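Below: one structure, written as structure tokens.
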Amino acid sequence: MRRRRRLGSPKDGPGKRGYRADLSAENRGEGDRMLRDVDIEEISDGKFYLPDDMAPTGCGGCAGCSECCRNTGDSIILDPYDMYRLTVGIHRTFTDMIEKQIEIRLVDGLILPNLMEHDETQEDKEDGCPFLGGDGRCTIHAFRPSFCRMFPMGRYYPDPEELRQKGGQRFSGRTFVYILQKEECPGRTGTPVLLRDWLDTPDLDAYEKFAADWHDFLRTAGQKTELLTGQSADQMRRYILQVFYVQPYQTGQDFYPQYAARRKKVRETLAPVLQAQGRN
Ligand code: SF4
Ligand code: SF4
């Protein structure tokens, strides 16, 4: 069984290694943000990868290593698809897991859930993801979050000019590419692996469309929410959390139509709020 480390954040400090997955060129220089301020040339091998590329991610099946599932801090932020997959796979909803396996925090103007560093229900609270088994293996491997599935790859959203310079037509139509965070996996041997296989994501094309849309939503909603004051901002954050995470997903139905319906609902609900605030 192969496990992947989540992508941590530079603010985590010593012992909390790594970077989050969603890195945006426009946010360079902003510091302690989810859309991380990092030097792509410094953390990556300088290449932009697509799903049908071979990427040097091989790690010999992890071979007893569980490094990336320890000292996770608050860095494994969940997206709505992660929440859906957890609900399908382990039959637990947001409400079942909050303050046990997940917690919420303010990230870039919105309230988002992340995996806790340990399971509050367990007496033996060693550092480590709450889903890390005693044998050092992921107990939810088939349903692990997207950051875990990618690790040590990450998503990067370059600006169009950067994409053009890197590969022109090759990246045509892409909102994001994948980068290799070259120092993050201590067990990496560099054996080339087809990235599509490595990502281990059902219907990857549909997931990528969702990931791009979700990234755009987080960016725009976060910016707008930060312009609101006091109660309005808090209400909007809680509303977004409620719609995309707290309200359970129908496990017998496909995720993407459910996401699209929620996205539409949020757009329609928030438009008049922002208009009233003169923020649309
Ligand atoms: S750090 Fe690398 S080798 Fe170690 S468990 Fe994570 S992915 Fe596997
Ligand atoms: S969910 Fe699984 S792969 Fe991800 S950090 Fe936890 S134990 Fe590791």
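If you're wondering about the labels, chains in the structure tokens are A, B, ... by order shown, residues count from 1 in each chain, ligands from 1 in order shown.
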
- Please check which protein, DNA or RNA residues sit within 8 Å of ligand 2, counting only C-alpha atoms and all ligand atoms, and write them as an NGL selection string. :A and (3-6 or 66 or 68-70 or 72 or 76 or 115 or 128-133 or 136-141 or 143-145 or 147-149)

- List all protein, DNA and RNA residues that have at least one atom no more than 7 Å from any atom of ligand 1, counting only C-alpha atoms and all ligand atoms, and write them as a list of chain:residue names.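 Within the 7 Å cut-off, the matching residues are A:Arg2, A:Arg3, A:Arg4, A:Arg5, A:Cys59, A:Gly61, A:Cys62, A:Ala63, A:Cys65, A:Ser66, A:Glu67, A:Cys68, A:Cys69, A:Phe151, A:Pro152, A:Glu184, A:Cys185, A:Pro186, A:Gly187, A:Arg188.
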
- Of A:Val177, A:Gln250, A:Glu183, A:Thr201, the one nearest to Pro158 of chain A when counting only C-alpha atoms is A:Val177

Taking only residues of segment 105-163 of chain A that have an atom at most 10 Å from an atom of segment 167-173 of chain A, what is each one's shortest atom pair and its distance in Å to one decimal, using only C-alpha atoms, in chain and number order, as JSON lines?
{"residue": "A:Pro160", "atom": "CA", "partner": "A:Phe171", "partner_atom": "CA", "distance": 9.4}
{"residue": "A:Glu161", "atom": "CA", "partner": "A:Gly168", "partner_atom": "CA", "distance": 9.1}
{"residue": "A:Glu162", "atom": "CA", "partner": "A:Gly167", "partner_atom": "CA", "distance": 8.8}
{"residue": "A:Leu163", "atom": "CA", "partner": "A:Gly167", "partner_atom": "CA", "distance": 6.3}

- Task: Identify which of the residues A:Leu218, A:Leu110, A:Leu227, A:Ile179 lies closest to Gly46 of chain A, counting only C-alpha atoms when measuring atom-to-atom distances.
- Result: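 Selected residue with least distance to Gly46 of chain A: A:Ile179.
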
Counting only C-alpha atoms, which residues of segment 71-132 of chain A sit at most 12 Å from some atom of segment 205-217 of chain A, and what is each one's closest atom pair with its distance in Å to one decimal, listed by chain and rising residue number, as a Markdown table?
| residue | atom | partner | partner_atom | distance |
| --- | --- | --- | --- | --- |
| A:Leu78 | CA | A:Trp214 | CA | 11.4 |
| A:Asp79 | CA | A:Trp214 | CA | 8.0 |
| A:Pro80 | CA | A:Trp214 | CA | 8.6 |
| A:Tyr81 | CA | A:Tyr207 | CA | 8.3 |
| A:Asp82 | CA | A:Tyr207 | CA | 10.8 |
| A:Asp108 | CA | A:His215 | CA | 11.6 |
| A:Gly109 | CA | A:Phe217 | CA | 11.9 |
| A:Leu110 | CA | A:Phe217 | CA | 10.7 |

Pull C-alpha atoms from the residues just selected and write them as a compact mmCIF listing (two decimals), in the first residue's frame.
# COMPACT_ATOMS: atom_id res chain seq x y z
CA LEU A 78 -9.92 19.07 2.69
CA ASP A 79 -11.82 20.00 -0.43
CA PRO A 80 -15.49 19.08 -0.91
CA TYR A 81 -14.55 16.01 -2.95
CA ASP A 82 -12.39 14.79 -0.06
CA ASP A 108 -7.45 33.00 3.14
CA GLY A 109 -10.67 34.60 4.36
CA LEU A 110 -12.77 31.41 4.51

- Query: With only C-alpha atoms as the atoms that count, which of A:Arg219, A:Lys100, A:Arg196, A:Arg237 lies nearest to Thr57 of chain A?
  - Reply: A:Arg196
